[in-house]
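This report concerns only the one structure given below.
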Amino acid sequence: MDQSPALPDLGSSFVLPNGVRLKNRLIKAAMSEQLGDRRHDPGSGMENLYRQWAQGGIGLSISGNIMVDRNAIGELRNVVLDAHSDLNAFRRWALAGSSHGTHLWAQLNHPGKQIIKLLCDEPVAPSAISLGSGLEKHFNCPRALTEDGIEKIIAQFATSARLAKVVGFTGVQIHAAHGYLINQFLSPLHNQRSDQWGGSLANRMRFLVRVYKAIRSVVGDAFPVGIKLNSADFMRGGFTEEESLQVVVALGNLGLDQLEISGGTYESPVMVGNQAASTREREAYFLNYAARVREVSTLPLVVTGGFRSGAAMTAALRDAATDFIGLARPLALEPDMPVKLLSEATYRVDLRPLSTGFAALDRIATLDVSWYEHQLQRMARHQLPKPGLSEWLSLGKTLLDFAACARKKRSTQCSTYKR
Ligand SMILES: Cc1cc2nc3c(=O)[nH]c(=O)nc-3n(C[C@H](O)[C@H](O)[C@H](O)COP(=O)(O)O)c2cc1C
């Protein structure tokens with residue numbers, strides 16, 4: 001891999017193993033935008049939003065999760081890419097997001113059982129096991145997928161990837177992290193199947209490997225395919241760091257172009273913080289795990305979660321702890337942070353902790369995510385992000401969304417759709 005100069009900095013370009021060049025080391029990690037219209041096509045706000053990130057100097061923008069199955073959407077206004085999508089709306093989004101030499105990859109996802117009750121009566125999962133940690137009150141118990149159902153979802157991932165290439169995305173990322181369907185297959189806690197899809201780690205990773213191979217077969221070798229993987233689920237009995245490392249080794253043999261590491265699930269949402277003090281000092285949450293990945297893999301690596309200062313980002317690159325810096329929340333408040341970082345290496349952004357003062361409420365409303373989604377929606381409307389946005393106002397908007405979910409559920413019952 002040609003990675004110049006010898007000691008990389010944030011502005012150094014990077015050539016992926018398949019020859020695709022990314023102009024710098026800064027990546028906008030996926031953030032669900034909630035900007036889909038009633039048909040789950042991207043609205044014009046999506047173009048506005050991604051144009052701002054492209055103008056802001058990011059090397060690679062990874063879209064918020066795009067659903068592969070319109071009968072399984074994780075959030076009310078998720079975008080879906082399938083045979084029924086308005087491809088011209090996706091083309092306009094891809095064009096805006098890939099301006100200024102920016103790469104724009106589509107993150108493809110299936111939520112499995114991580115769909116709130118208000119959106120779905122009977123979600124699907126590897127096994128008929130409810131989410132725990134109190135979430136069982138808000139998420140229905142899933143139905144175990146049949147063999148045919150599994151094959152159908154693999155084909156849906158491939159269809160979405162093929163269409164992503166057709167409409168002008170420059171790569172795709174498979175979402176295998178954060179407790180969604182692929183992660184549910186990887187987890188021994190959530191996958192208790194006794195067939196070829198469960199049991200041993202080789203069986204539990206079969207779904208991910210099949211999704212990857214199906215996508216690769218339709219997009220070809222020159223089109224970048226990445227995977228976002230959990231370092232661990234941070235759940236007793238869940239997917240562990242040791243198992244995650246074995247998955248990394250297996251993926252390294254399959255021609256994957258990039259690996260992004262994160263961690264946690266809805267049950268244990270460490271992807272947005274709450275880490276040990278030793279990790280906080282280096283800002284990024286998953287650097288210890290990244291060091292272990294480096295011992296077993298040469299895959300181009302993205303570490304996402306916690307980076308806030310140019311100093312910590314540059315140190316991570318120079319220590320070869322990672323090849324790329326993944327940034328999410330900072331870019332929801334400062335879309336031009338990359339330009340600032342590239343001209344001033346010590347630039348940093350400080351994000352204030354969010355709370356209504358009622359921890360249970362914050363958790364149900366996923367305040368750490370929904371507050372930032374509201375910032376993205378402001379940018380989509382050509383408004384500036386608002387760091388002082390009240391948590392209560394954000395909560396109010398989220399409650400309105402829940403009410404809209406309930407209305408949608410009454411009109412379209414996803415449970416009537418059987419695989
Ligand atoms: C509003 C919001 C939406 C998110 N949506 C996604 C998503 O669609 N897919 C995904 O892989 N991660 C998603 N994440 C997680 C981020 O990609 C990232 O892993 C996490 O925020 C930690 O990075 P940060 O500290 O730079 O924010 C989301 C985070 C936020 C704040």
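As shown in the structure tokens, the chain order sets the letters A, B, ...; within each chain, residues go from 1, and ligands are also counted from 1 in the order they appear.
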
*8 Å contact set for range 359-365 of chain A, only C-alpha atoms, chain neighbours under 3 positions out, as JSON, numbers by chain*: {"A": [355, 356, 368, 370, 395, 398, 399]}

*Could you list, as a PyMOL selection string, all the residues within 9 Å of ligand 1, counting only C-alpha atoms and all ligand atoms?*
chain A and resi 28-34+62-66+107-109+174-178+228-229+261-263+270-273+283-285+303-308+325-332+368-376

*Mind checking DSSP for range 65-227 of chain A and telling me the strand (DSSP E or B) residues as an MDAnalysis selection string?*
chainID A and resid 66:67 79:80 103:109 116 124:125 139 143:144 171:176 225:227

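Minimum atom-to-atom distances from A:Cys141, A:Val247, A:Ile116, A:Cys405 to Leu186 in chain A were compared using only C-alpha atoms, and the lowest value belongs to A:Val247.
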
*Which of these residues is nearest to Ser99 in chain A, using only C-alpha atoms: A:Gln114, A:Ser133, A:Asn71, A:Asn48?*
A:Asn48

*asked:* Need to verify the contact set: Val166 in chain A, 12 Å, only C-alpha atoms, exclusion of same-chain residues closer than 6 positions in sequence. Can you return it as an NGL selection string?
replied: :A and (81-83 or 87-88 or 90-91 or 94-95 or 106 or 159-160 or 172 or 218-219 or 223)

I need the chosen residues saved as a compact mmCIF listing (two decimals), in the first residue's frame, with N, CA, C and O atoms.
# COMPACT_ATOMS: atom_id res chain seq x y z
N LEU A 81 -33.14 1.36 0.03
CA LEU A 81 -32.69 1.25 -1.37
C LEU A 81 -33.00 -0.15 -1.88
O LEU A 81 -32.36 -1.13 -1.49
N ASP A 82 -34.03 -0.21 -2.72
CA ASP A 82 -34.43 -1.50 -3.30
C ASP A 82 -35.05 -1.24 -4.67
O ASP A 82 -35.02 -0.11 -5.18
N ALA A 83 -35.63 -2.26 -5.25
CA ALA A 83 -36.16 -2.14 -6.62
C ALA A 83 -37.28 -1.11 -6.72
O ALA A 83 -37.59 -0.63 -7.81
N LEU A 87 -34.67 6.02 -7.96
CA LEU A 87 -33.22 6.05 -8.15
C LEU A 87 -32.71 7.46 -8.48
O LEU A 87 -31.57 7.79 -8.17
N ASN A 88 -33.57 8.29 -9.07
CA ASN A 88 -33.11 9.65 -9.37
C ASN A 88 -32.87 10.45 -8.09
O ASN A 88 -31.95 11.26 -8.02
N PHE A 90 -31.84 9.17 -5.32
CA PHE A 90 -30.55 8.68 -4.82
C PHE A 90 -29.40 9.26 -5.65
O PHE A 90 -28.33 9.57 -5.12
N ARG A 91 -29.62 9.39 -6.97
CA ARG A 91 -28.56 9.95 -7.84
C ARG A 91 -28.21 11.37 -7.41
O ARG A 91 -27.04 11.74 -7.33
N ALA A 94 -26.20 11.22 -4.26
CA ALA A 94 -24.83 10.73 -4.49
C ALA A 94 -23.97 11.79 -5.16
O ALA A 94 -22.79 11.96 -4.83
N LEU A 95 -24.58 12.54 -6.08
CA LEU A 95 -23.83 13.59 -6.80
C LEU A 95 -23.38 14.67 -5.82
O LEU A 95 -22.21 15.09 -5.83
N ALA A 106 -22.30 4.00 0.70
CA ALA A 106 -23.63 3.73 1.26
C ALA A 106 -23.51 2.68 2.36
O ALA A 106 -23.01 1.58 2.11
N THR A 159 -28.83 -6.60 -3.68
CA THR A 159 -29.60 -5.69 -4.53
C THR A 159 -29.30 -4.24 -4.16
O THR A 159 -29.05 -3.39 -5.03
N SER A 160 -29.31 -3.94 -2.87
CA SER A 160 -29.05 -2.56 -2.44
C SER A 160 -27.65 -2.12 -2.86
O SER A 160 -27.45 -0.98 -3.30
N VAL A 172 -19.54 0.80 -0.72
CA VAL A 172 -20.58 0.47 0.27
C VAL A 172 -19.90 0.01 1.56
O VAL A 172 -18.76 -0.46 1.55
N VAL A 218 -21.76 -8.83 -7.00
CA VAL A 218 -22.51 -7.91 -7.89
C VAL A 218 -21.79 -6.59 -8.13
O VAL A 218 -22.07 -5.92 -9.13
N VAL A 219 -20.88 -6.18 -7.25
CA VAL A 219 -20.23 -4.87 -7.46
C VAL A 219 -18.84 -5.00 -8.08
O VAL A 219 -18.29 -4.01 -8.59
N PHE A 223 -14.76 -2.00 -6.80
CA PHE A 223 -15.67 -1.15 -6.04
C PHE A 223 -15.45 -1.41 -4.55
O PHE A 223 -15.59 -2.55 -4.09

*DSSP on the backbone, then: every residue of range 131-296 of chain A marked helix (DSSP H, G or I), written as an MDAnalysis selection string.*
chainID A and resid 135:137 147:167 181:186 201:204 206:219 241:252 270:272 277:281 287:296
